[in-house]
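For reference, protein16.txt (compact mmCIF, C-alpha atoms):
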```
# COMPACT_ATOMS: atom_id res chain seq x y z
CA MET A 39 16.01 -34.69 6.55
CA SER A 40 13.38 -32.25 7.82
CA ARG A 41 11.09 -33.29 10.64
CA ALA A 42 7.33 -33.51 10.23
CA PRO A 43 5.64 -30.35 11.63
CA TYR A 44 3.98 -32.29 14.46
CA ARG A 45 7.40 -33.64 15.54
CA ASP A 46 9.32 -30.38 15.33
CA PRO A 47 9.47 -28.79 18.81
CA GLY A 48 10.83 -25.56 17.31
CA LEU A 49 7.50 -25.14 15.53
CA LEU A 50 5.18 -27.02 17.87
CA ILE A 51 6.03 -25.09 21.05
CA PRO A 52 5.46 -21.53 19.73
CA ALA A 53 2.41 -22.71 17.77
CA GLY A 54 0.97 -24.19 20.96
CA CYS A 55 1.69 -21.00 22.90
CA ALA A 56 0.05 -18.90 20.18
CA ALA A 57 -3.00 -21.18 20.25
CA LEU A 58 -3.23 -20.79 24.03
CA LEU A 59 -3.10 -17.01 23.67
CA LEU A 60 -5.94 -17.10 21.14
CA LEU A 61 -7.94 -19.35 23.45
CA LEU A 62 -7.27 -16.97 26.33
CA ALA A 63 -8.49 -14.05 24.21
CA LEU A 64 -11.72 -15.89 23.43
CA ALA A 65 -12.38 -17.30 26.91
CA GLY A 66 -10.94 -14.40 28.92
CA PRO A 67 -14.25 -13.22 30.44
CA LEU A 68 -14.86 -16.77 31.70
CA LEU A 69 -11.36 -17.22 33.12
CA ALA A 70 -10.80 -13.83 34.77
CA PRO A 71 -11.48 -14.02 38.53
CA CYS A 72 -12.68 -10.38 38.68
CA THR A 73 -14.10 -7.77 36.34
CA ALA A 74 -11.76 -5.45 34.49
CA THR A 75 -13.10 -2.16 35.88
CA ALA A 76 -14.19 -2.95 39.46
CA GLY A 77 -11.64 -1.65 41.97
CA SER A 78 -11.22 -0.38 45.48
CA LEU A 79 -8.97 2.44 46.61
CA GLN A 80 -8.50 0.60 49.90
CA HIS A 81 -6.74 -2.18 47.99
CA ARG A 82 -4.68 -0.11 45.54
CA LEU A 83 -1.18 -1.24 44.53
CA LEU A 84 -1.19 -4.47 46.47
CA ASP A 85 1.93 -6.55 45.99
CA PRO A 86 1.81 -9.88 44.13
CA GLY A 87 0.71 -12.75 46.32
CA SER A 88 -1.84 -10.69 48.22
CA PRO A 89 -4.99 -12.60 49.29
CA GLY A 90 -7.42 -12.72 46.37
CA HIS A 91 -4.96 -10.96 44.04
CA PRO A 92 -2.17 -13.31 42.89
CA LEU A 93 -0.48 -10.58 40.78
CA GLY A 94 -1.49 -7.65 42.96
CA THR A 95 -3.63 -4.66 42.06
CA ASP A 96 -3.18 -1.47 40.08
CA SER A 97 -3.46 2.17 41.17
CA GLN A 98 -7.27 1.91 41.18
CA GLY A 99 -7.35 -1.30 43.22
CA ARG A 100 -8.30 -3.46 40.23
CA ASP A 101 -7.08 -7.04 40.04
CA LEU A 102 -4.06 -7.17 37.72
CA LEU A 103 -4.44 -10.83 36.80
CA SER A 104 -7.97 -10.20 35.59
CA ARG A 105 -6.96 -7.11 33.64
CA LEU A 106 -4.05 -8.91 32.00
CA ILE A 107 -6.34 -11.77 30.98
CA LEU A 108 -9.10 -9.49 29.73
CA GLY A 109 -6.54 -7.32 27.96
CA THR A 110 -5.49 -10.26 25.80
CA ARG A 111 -8.41 -9.84 23.39
CA PRO A 112 -7.94 -6.16 22.41
CA SER A 113 -4.15 -6.56 22.44
CA LEU A 114 -4.24 -9.55 20.08
CA ILE A 115 -6.86 -7.91 17.87
CA GLY A 116 -4.51 -4.94 17.61
CA GLY A 117 -1.71 -7.33 16.65
CA LEU A 118 -3.49 -9.78 14.35
CA LEU A 119 -6.16 -7.79 12.52
CA PRO A 120 -3.81 -5.17 11.04
CA VAL A 121 -1.57 -7.97 9.79
CA ALA A 122 -4.57 -9.68 8.16
CA VAL A 123 -5.70 -6.43 6.53
CA ALA A 124 -2.19 -5.55 5.38
CA THR A 125 -1.63 -9.06 4.03
CA THR A 126 -4.79 -8.88 1.94
CA ALA A 127 -4.21 -5.35 0.67
CA GLY A 128 -0.47 -5.80 0.20
CA THR A 129 -0.92 -9.03 -1.74
CA ALA A 130 -3.40 -7.37 -4.09
CA VAL A 131 -1.11 -4.37 -4.64
CA GLY A 132 2.01 -6.52 -5.08
CA ILE A 133 0.41 -8.85 -7.62
CA THR A 134 -1.11 -5.93 -9.52
CA ALA A 135 2.27 -4.20 -9.69
CA GLY A 136 4.02 -7.41 -10.70
CA LEU A 137 1.62 -8.40 -13.47
CA GLY A 138 0.63 -4.94 -14.65
CA GLY A 139 2.35 -2.86 -17.27
CA LYS A 140 5.27 -0.55 -16.67
CA ILE A 141 3.07 2.44 -15.85
CA THR A 142 1.01 0.48 -13.31
CA GLU A 143 4.13 -0.99 -11.74
CA GLN A 144 5.95 2.31 -11.39
CA SER A 145 2.87 4.16 -10.12
CA LEU A 146 2.22 1.63 -7.36
CA LEU A 147 5.88 1.30 -6.39
CA ARG A 148 6.34 5.07 -6.13
CA ALA A 149 3.22 5.30 -3.96
CA LEU A 150 4.70 2.63 -1.69
CA ASP A 151 7.98 4.56 -1.58
CA VAL A 152 6.12 7.60 -0.25
CA LEU A 153 4.85 5.55 2.69
CA TYR A 154 8.30 4.03 3.16
CA ALA A 155 9.74 7.52 3.56
CA PHE A 156 8.14 7.72 7.01
CA PRO A 157 9.39 5.61 9.95
CA GLY A 158 6.74 3.04 10.86
CA VAL A 159 6.16 4.36 14.37
CA LEU A 160 5.76 7.97 13.22
CA LEU A 161 3.43 6.96 10.39
CA ALA A 162 1.26 4.96 12.80
CA ILE A 163 1.11 7.91 15.20
CA ALA A 164 0.25 10.31 12.38
CA VAL A 165 -2.60 8.15 11.08
CA ALA A 166 -3.95 7.38 14.56
CA THR A 167 -3.89 11.07 15.44
CA LEU A 168 -6.33 11.77 12.61
CA LEU A 169 -8.81 9.24 14.00
CA ARG A 170 -10.79 8.92 17.17
CA PRO A 171 -8.77 6.98 19.79
CA GLY A 172 -9.81 3.35 20.03
CA LEU A 173 -9.18 -0.10 18.65
CA THR A 174 -10.41 0.95 15.19
CA ALA A 175 -7.76 3.69 15.02
CA THR A 176 -5.09 1.16 16.02
CA VAL A 177 -6.13 -1.32 13.33
CA LEU A 178 -6.32 1.29 10.57
CA ALA A 179 -3.04 2.99 11.50
CA LEU A 180 -1.07 -0.25 11.68
CA SER A 181 -2.66 -1.55 8.47
CA VAL A 182 -1.36 1.53 6.65
CA VAL A 183 2.11 0.97 8.14
CA LEU A 184 2.36 -2.74 7.26
CA THR A 185 0.76 -2.80 3.80
CA PRO A 186 3.78 -1.38 1.90
CA ALA A 187 6.12 -3.98 3.40
CA VAL A 188 3.82 -6.86 2.45
CA ALA A 189 3.32 -5.43 -1.03
CA ARG A 190 7.09 -5.26 -1.54
CA VAL A 191 7.52 -8.90 -0.54
CA VAL A 192 4.72 -9.98 -2.88
CA PHE A 193 6.06 -7.87 -5.75
CA THR A 194 9.51 -9.42 -5.35
CA GLU A 195 8.03 -12.91 -5.51
CA VAL A 196 5.92 -12.05 -8.56
CA GLN A 197 8.98 -10.62 -10.29
CA ARG A 198 10.74 -13.93 -9.71
CA ILE A 199 8.03 -16.04 -11.35
CA ARG A 200 6.35 -13.77 -13.90
CA THR A 201 8.50 -15.11 -16.75
CA ALA A 202 7.92 -18.75 -15.75
CA GLU A 203 6.79 -21.11 -18.49
CA TYR A 204 3.49 -22.01 -16.84
CA LEU A 205 2.50 -18.32 -16.73
CA GLU A 206 3.40 -17.91 -20.38
CA ALA A 207 1.30 -20.97 -21.18
CA ALA A 208 -1.63 -19.48 -19.26
CA ARG A 209 -1.32 -16.22 -21.22
CA VAL A 210 -1.15 -18.06 -24.54
CA SER A 211 -4.23 -20.06 -23.62
CA GLY A 212 -6.17 -16.80 -23.32
CA ALA A 213 -6.38 -16.49 -19.52
CA GLY A 214 -6.84 -12.92 -18.31
CA ARG A 215 -4.70 -11.19 -15.71
CA THR A 216 -7.25 -11.72 -12.98
CA ALA A 217 -7.46 -15.45 -13.64
CA ILE A 218 -3.68 -15.73 -13.78
CA ALA A 219 -3.32 -13.76 -10.55
CA LEU A 220 -5.85 -15.89 -8.66
CA ARG A 221 -5.08 -19.34 -10.08
CA GLN A 222 -1.40 -19.23 -10.95
CA VAL A 223 0.34 -16.51 -8.94
CA ALA A 224 -1.51 -16.33 -5.63
CA PRO A 225 -0.95 -20.02 -4.68
CA VAL A 226 2.78 -19.66 -5.36
CA VAL A 227 3.33 -16.49 -3.32
CA ALA A 228 0.94 -17.46 -0.51
CA PRO A 229 3.44 -19.49 1.59
CA VAL A 230 6.04 -16.72 1.52
CA VAL A 231 3.45 -14.06 2.31
CA LEU A 232 1.93 -16.02 5.19
CA VAL A 233 5.34 -16.67 6.74
CA TYR A 234 6.27 -13.01 6.42
CA ALA A 235 2.91 -11.97 7.88
CA SER A 236 3.42 -14.27 10.87
CA SER A 237 6.71 -12.52 11.59
CA LEU A 238 4.89 -9.16 11.70
CA VAL A 239 2.44 -10.12 14.45
CA GLY A 240 4.92 -9.69 17.30
CA LEU A 241 5.96 -6.27 16.02
CA CYS A 242 2.34 -5.29 15.55
CA VAL A 243 1.48 -6.25 19.14
CA VAL A 244 4.23 -3.91 20.33
CA TYR A 245 3.07 -1.11 18.01
CA ALA A 246 -0.54 -1.49 19.15
CA ALA A 247 0.51 -1.35 22.80
CA GLY A 248 2.61 1.72 22.02
CA LEU A 249 -0.34 3.56 20.50
CA SER A 250 -2.46 2.78 23.55
CA PHE A 251 0.42 3.88 25.80
CA LEU A 252 0.40 7.24 24.01
CA GLY A 253 -3.38 7.56 24.34
CA LEU A 254 -4.05 6.99 20.64
CA GLY A 255 -5.37 3.43 20.90
CA VAL A 256 -7.59 1.68 23.43
CA ALA A 257 -8.25 4.11 26.27
CA PRO A 258 -8.74 3.45 30.00
CA PRO A 259 -10.61 2.08 31.85
CA ALA A 260 -10.70 -0.71 29.23
CA ALA A 261 -8.11 -3.42 29.87
CA GLU A 262 -5.33 -3.26 27.26
CA TRP A 263 -1.67 -3.93 27.94
CA GLY A 264 -0.31 -0.66 26.55
CA ALA A 265 -2.93 1.42 28.36
CA MET A 266 -2.25 -0.53 31.56
CA LEU A 267 1.45 0.21 31.24
CA ASP A 268 0.69 3.92 30.95
CA GLU A 269 -1.60 3.83 34.00
CA LEU A 270 1.01 2.04 36.12
CA ARG A 271 3.93 4.22 34.99
CA PRO A 272 3.77 6.54 38.07
CA SER A 273 4.15 3.46 40.29
CA LEU A 274 7.34 2.25 38.63
CA PHE A 275 9.66 3.33 41.47
CA THR A 276 7.36 2.48 44.38
CA HIS A 277 5.91 -0.83 43.12
CA PRO A 278 8.20 -1.87 40.24
CA PHE A 279 7.05 -5.47 39.85
CA VAL A 280 3.40 -4.47 39.58
CA ALA A 281 4.24 -1.69 37.14
CA ILE A 282 6.26 -3.86 34.73
CA LEU A 283 3.78 -6.76 34.51
CA PRO A 284 2.05 -5.41 31.36
CA ALA A 285 5.46 -4.80 29.75
CA LEU A 286 6.55 -8.36 30.54
CA THR A 287 3.31 -9.65 29.03
CA ILE A 288 3.87 -7.67 25.82
CA LEU A 289 7.45 -8.98 25.65
CA VAL A 290 6.44 -12.62 26.11
CA VAL A 291 3.67 -12.43 23.50
CA SER A 292 5.98 -10.71 21.03
CA VAL A 293 8.64 -13.40 21.52
CA VAL A 294 6.06 -16.15 21.00
CA PHE A 295 4.91 -14.81 17.64
CA ASN A 296 8.43 -13.91 16.50
CA THR A 297 9.58 -17.44 17.31
CA LEU A 298 6.60 -18.86 15.46
CA GLY A 299 7.42 -16.73 12.43
CA ASP A 300 11.06 -17.89 12.46
CA ALA A 301 9.99 -21.54 12.72
CA LEU A 302 7.56 -21.16 9.82
CA ARG A 303 10.22 -19.45 7.74
CA HIS A 304 12.58 -22.38 8.28
CA ARG A 305 9.84 -24.84 7.33
CA VAL A 306 9.03 -23.00 4.11
CA GLY A 307 12.73 -22.63 3.35
CA ASP A 308 13.28 -26.36 3.82
CA ARG A 309 10.36 -27.16 1.58
CA ALA A 310 11.55 -24.76 -1.14
CA ALA A 311 14.98 -26.35 -1.03
CA ARG A 312 13.45 -29.72 -1.87
CA LEU A 313 11.39 -28.44 -4.81
CA PRO A 314 12.64 -29.19 -8.33
CA GLN A 315 14.34 -26.21 -9.94
CA GLY A 316 11.57 -25.74 -12.50
CA ALA A 317 8.90 -25.50 -9.79
CA ARG A 318 10.59 -22.70 -7.86
```
Just give me the structure as structure tokens.
Amino acid sequence: MSRAPYRDPGLLIPAGCAALLLLLALAGPLLAPCTATAGSLQHRLLDPGSPGHPLGTDSQGRDLLSRLILGTRPSLIGGLLPVAVATTAGTAVGITAGLGGKITEQSLLRALDVLYAFPGVLLAIAVATLLRPGLTATVLALSVVLTPAVARVVFTEVQRIRTAEYLEAARVSGAGRTAIALRQVAPVVAPVVLVYASSLVGLCVVYAAGLSFLGLGVAPPAAEWGAMLDELRPSLFTHPFVAILPALTILVVSVVFNTLGDALRHRVGDRAARLPQGAR
């Protein structure tokens, strides 16, 4: 018997951590002990535990704890917003391909195949290169990368249900494709799409940090984990712990969202297993 969500530690713990990260992103300016850009060359590359700097300072003498906290907002925006955009666009494309005629289906699927021909990282770099570096470029580039994957998942689900009796009844009753898509199909595919989208957040956080690391995303002196990692790279051999702090932060956040996605997938899988055969 499956546990209730509020009693399942496998779901509750990562969900709580994700909620804390979102709260930190919102309240970061209030929680950070220092500003993100104020530094002092006299206090550059201080080791963790230094007075007034629990995690040390970077190469410009800026407090690392403050920059990590203030970097949460742009880093999470770069991880969450592209997933939201891709989920919306991919769901629309997938349902259109699934419910449309053969020509519509093949046209959309072949267009998705063109995007699939490029590795995700290279496609993100190519799109970001065409735009002005910043958070907007990160969001647009990653949205282009993720949309085909979401559309494929949605199309597969629509294929599975498009011959269901309740859809045939809706067609016979005179409902149009738009009404069927919004009222009959979207509620059925939504759980699967949301679970899949949650599993993409961790990957998207890493991609967003990678674009900033390459100078295609958020640029210094703004606090962003990927940009911070690039700034601290020359200090890797002289002050390794200070230099790897942004990387450890990216790793922890990615693990949190990946664990949350796995837990949600198990919950949806358990629920689907209990559905009557005709409702699947």
I'd like the interatomic distance between CA of Glu143 (chain A) and CA of Gln222 (chain A), to a tenth of an Å. 19.1 Å
For Ala285 (chain A), which of A:Leu270, A:Ile115, A:Ala53, A:Val191 is the closest residue, counting only C-alpha atoms? A:Leu270
May I have the residues within 10 Å of Pro272 (chain A) as JSON, numbers by chain, using all atoms listed in the file and disregarding those fewer than 6 positions away in the same chain? {"A": [97, 278, 281]}
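Using all atoms listed in the file, the shortest contact distance between Val123 (chain A) and any of A:Asn296, A:Thr185, A:Ser237, A:Gln197 is found at A:Thr185.
Checking A:Gly87, A:Gly264, A:Gly214, A:Pro157 one by one against Leu173 (chain A), counting only C-alpha atoms, you find the shortest gap at A:Gly264.
Atom to atom, CA of Ala124 (chain A) and CA of Leu252 (chain A) stand 22.7 Å apart.
Excluding region 216-221 of chain A and any residue on its chain fewer than 5 positions from it, the residues at most 8 Å away by all atoms listed in the file are A:Ile133, A:Leu137, A:Leu205, A:Ala208, A:Arg209.
With all atoms listed in the file as the basis for measurement, A:Ile51 is the residue among A:Ile199, A:Leu83, A:Leu286, A:Ile51 that approaches Leu302 (chain A) most closely.
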Using only C-alpha atoms, collect all residues at a distance of at most 10 Å from (3.6, 6.7, 12.7) as written in the file, then present them as number ranges by chain. A: 156-167, 179-180, 182-183, 245, 249
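The two atoms in question, CA of Arg148 (chain A) and CA of Ala135 (chain A), are spaced 10.7 Å apart.
Of the listed residues A:Gly253, A:Pro171, A:Gly109, A:Gly139, the one whose atoms come nearest to Pro67 (chain A) is A:Gly109, with distances taken using all atoms listed in the file.
Once all atoms listed in the file are considered, the residues situated within 6 Å of the file point (4.3, -14.1, -3.0) turn out to be Val192, Glu195, Val227, Ala228, Val230 and Val231 of chain A.
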Take the residues from that selection and put them in a file with C-alpha atoms, as a short mmCIF file (atom, residue, chain, number, x, y, z; two decimals), in the coordinates of the input.
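Listed below is the output, out_11.cif:
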```cif
data_model
loop_
_atom_site.label_atom_id
_atom_site.label_comp_id
_atom_site.auth_asym_id
_atom_site.auth_seq_id
_atom_site.Cartn_x
_atom_site.Cartn_y
_atom_site.Cartn_z
CA VAL A 192 4.72 -9.98 -2.88
CA GLU A 195 8.03 -12.91 -5.51
CA VAL A 227 3.33 -16.49 -3.32
CA ALA A 228 0.94 -17.46 -0.51
CA VAL A 230 6.04 -16.72 1.52
CA VAL A 231 3.45 -14.06 2.31
#
```
Neighbours of Ala56 (chain A) within 9 Å (only C-alpha atoms; same-chain residues fewer than 6 positions away dropped), as a PyMOL selection string? chain A and resi 291+294-295+298
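Nearest-residue note for Pro284 (chain A): choosing from A:Leu102, A:Leu254, A:Ala76, A:Val226, the minimum distance belongs to A:Leu102, counting all atoms listed in the file.
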Do a neighbour search on Gly136 (chain A) at 10 Å with all atoms listed in the file, toss out local chain neighbours closer than 4 positions, and write the hits as number ranges by chain. A: 130-132, 140, 142-144, 146-147, 189-190, 192-200, 219, 223
Would you list the contacts of Pro120 (chain A) as a count of residues only, taking every protein, DNA or RNA residue within 8 Å and counting only C-alpha atoms, but skipping same-chain residues closer than 5 positions in sequence? 7
Dump of region 151-274 of chain A from preceding block, C-alpha atoms, as a short mmCIF file (atom, residue, chain, number, x, y, z; two decimals), in the first residue's frame:
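Generated output (part.cif):
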```cif
data_model
loop_
_atom_site.label_atom_id
_atom_site.label_comp_id
_atom_site.auth_asym_id
_atom_site.auth_seq_id
_atom_site.Cartn_x
_atom_site.Cartn_y
_atom_site.Cartn_z
CA ASP A 151 13.80 15.44 -35.25
CA VAL A 152 15.85 18.30 -36.70
CA LEU A 153 16.34 19.72 -33.22
CA TYR A 154 17.07 16.24 -31.86
CA ALA A 155 19.91 15.91 -34.36
CA PHE A 156 21.96 18.36 -32.29
CA PRO A 157 23.34 17.43 -28.84
CA GLY A 158 21.54 19.47 -26.18
CA VAL A 159 24.65 21.27 -24.97
CA LEU A 160 25.75 22.27 -28.47
CA LEU A 161 22.25 23.43 -29.40
CA ALA A 162 22.06 25.57 -26.24
CA ILE A 163 25.46 27.10 -27.00
CA ALA A 164 24.47 27.77 -30.62
CA VAL A 165 21.23 29.53 -29.66
CA ALA A 166 22.84 31.50 -26.82
CA THR A 167 25.63 32.63 -29.13
CA LEU A 168 23.07 34.33 -31.37
CA LEU A 169 21.72 36.35 -28.44
CA ARG A 170 23.12 38.94 -26.12
CA PRO A 171 24.66 37.25 -23.04
CA GLY A 172 22.35 37.35 -20.04
CA LEU A 173 19.57 35.52 -18.26
CA THR A 174 17.21 36.02 -21.21
CA ALA A 175 19.64 34.22 -23.53
CA THR A 176 19.89 31.34 -21.04
CA VAL A 177 16.11 30.97 -20.78
CA LEU A 178 15.54 31.09 -24.54
CA ALA A 179 18.40 28.72 -25.38
CA LEU A 180 17.38 26.10 -22.83
CA SER A 181 13.70 26.40 -23.79
CA VAL A 182 14.63 25.50 -27.38
CA VAL A 183 16.67 22.53 -26.13
CA LEU A 184 13.98 21.11 -23.82
CA THR A 185 10.83 21.66 -25.89
CA PRO A 186 11.36 18.73 -28.31
CA ALA A 187 11.82 16.27 -25.43
CA VAL A 188 8.62 17.43 -23.71
CA ALA A 189 6.73 17.34 -27.01
CA ARG A 190 7.83 13.74 -27.59
CA VAL A 191 6.62 12.68 -24.16
CA VAL A 192 3.26 14.37 -24.70
CA PHE A 193 2.88 12.92 -28.19
CA THR A 194 3.54 9.42 -26.86
CA GLU A 195 0.85 9.86 -24.20
CA VAL A 196 -1.64 11.24 -26.72
CA GLN A 197 -0.96 8.30 -29.03
CA ARG A 198 -1.79 5.97 -26.17
CA ILE A 199 -5.21 7.51 -25.47
CA ARG A 200 -6.37 8.99 -28.78
CA THR A 201 -8.44 5.90 -29.61
CA ALA A 202 -10.02 5.76 -26.14
CA GLU A 203 -13.80 5.48 -26.00
CA TYR A 204 -14.32 8.76 -24.15
CA LEU A 205 -12.47 10.65 -26.90
CA GLU A 206 -14.57 8.96 -29.56
CA ALA A 207 -17.69 9.91 -27.61
CA ALA A 208 -16.50 13.53 -27.46
CA ARG A 209 -15.94 13.56 -31.22
CA VAL A 210 -19.35 12.05 -31.90
CA SER A 211 -20.98 14.65 -29.66
CA GLY A 212 -19.57 17.37 -31.93
CA ALA A 213 -16.70 18.64 -29.77
CA GLY A 214 -13.93 20.31 -31.74
CA ARG A 215 -10.25 19.44 -31.52
CA THR A 216 -9.49 22.40 -29.30
CA ALA A 217 -12.21 21.47 -26.82
CA ILE A 218 -11.09 17.84 -26.82
CA ALA A 219 -7.46 18.86 -26.32
CA LEU A 220 -8.25 21.17 -23.39
CA ARG A 221 -10.99 19.19 -21.64
CA GLN A 222 -10.21 15.56 -22.41
CA VAL A 223 -6.54 15.17 -23.31
CA ALA A 224 -4.69 17.81 -21.29
CA PRO A 225 -5.93 16.59 -17.85
CA VAL A 226 -4.85 13.04 -18.70
CA VAL A 227 -1.33 13.88 -19.88
CA ALA A 228 -0.72 16.60 -17.27
CA PRO A 229 0.56 14.30 -14.46
CA VAL A 230 3.06 12.57 -16.74
CA VAL A 231 4.23 15.88 -18.21
CA LEU A 232 4.64 17.54 -14.82
CA VAL A 233 6.64 14.62 -13.47
CA TYR A 234 8.87 14.61 -16.53
CA ALA A 235 9.30 18.38 -16.29
CA SER A 236 10.34 18.10 -12.64
CA SER A 237 13.08 15.68 -13.67
CA LEU A 238 14.43 18.27 -16.13
CA VAL A 239 14.99 21.03 -13.57
CA GLY A 240 18.22 19.58 -12.18
CA LEU A 241 19.65 19.15 -15.68
CA CYS A 242 18.54 22.65 -16.61
CA VAL A 243 20.29 24.15 -13.57
CA VAL A 244 23.52 22.51 -14.72
CA TYR A 245 23.02 23.70 -18.32
CA ALA A 246 22.31 27.25 -17.17
CA ALA A 247 25.43 27.27 -15.02
CA GLY A 248 27.41 25.90 -17.96
CA LEU A 249 26.28 28.72 -20.24
CA SER A 250 27.28 31.30 -17.64
CA PHE A 251 30.61 29.49 -17.16
CA LEU A 252 31.24 29.91 -20.90
CA GLY A 253 30.28 33.59 -20.80
CA LEU A 254 27.01 33.09 -22.68
CA GLY A 255 24.66 33.48 -19.71
CA VAL A 256 24.67 35.76 -16.68
CA ALA A 257 27.91 37.74 -16.75
CA PRO A 258 30.07 39.01 -13.85
CA PRO A 259 29.94 40.87 -11.56
CA ALA A 260 26.39 39.55 -11.05
CA ALA A 261 26.23 36.62 -8.64
CA GLU A 262 25.44 33.39 -10.51
CA TRP A 263 26.89 29.99 -9.69
CA GLY A 264 28.27 29.20 -13.15
CA ALA A 265 29.83 32.65 -13.53
CA MET A 266 31.28 32.36 -10.03
CA LEU A 267 32.84 29.03 -10.93
CA ASP A 268 34.49 30.61 -13.96
CA GLU A 269 35.83 33.52 -11.88
CA LEU A 270 37.29 31.19 -9.25
CA ARG A 271 38.80 28.74 -11.76
CA PRO A 272 42.33 30.30 -11.60
CA SER A 273 42.31 29.73 -7.83
CA LEU A 274 41.56 26.01 -8.05
#
```
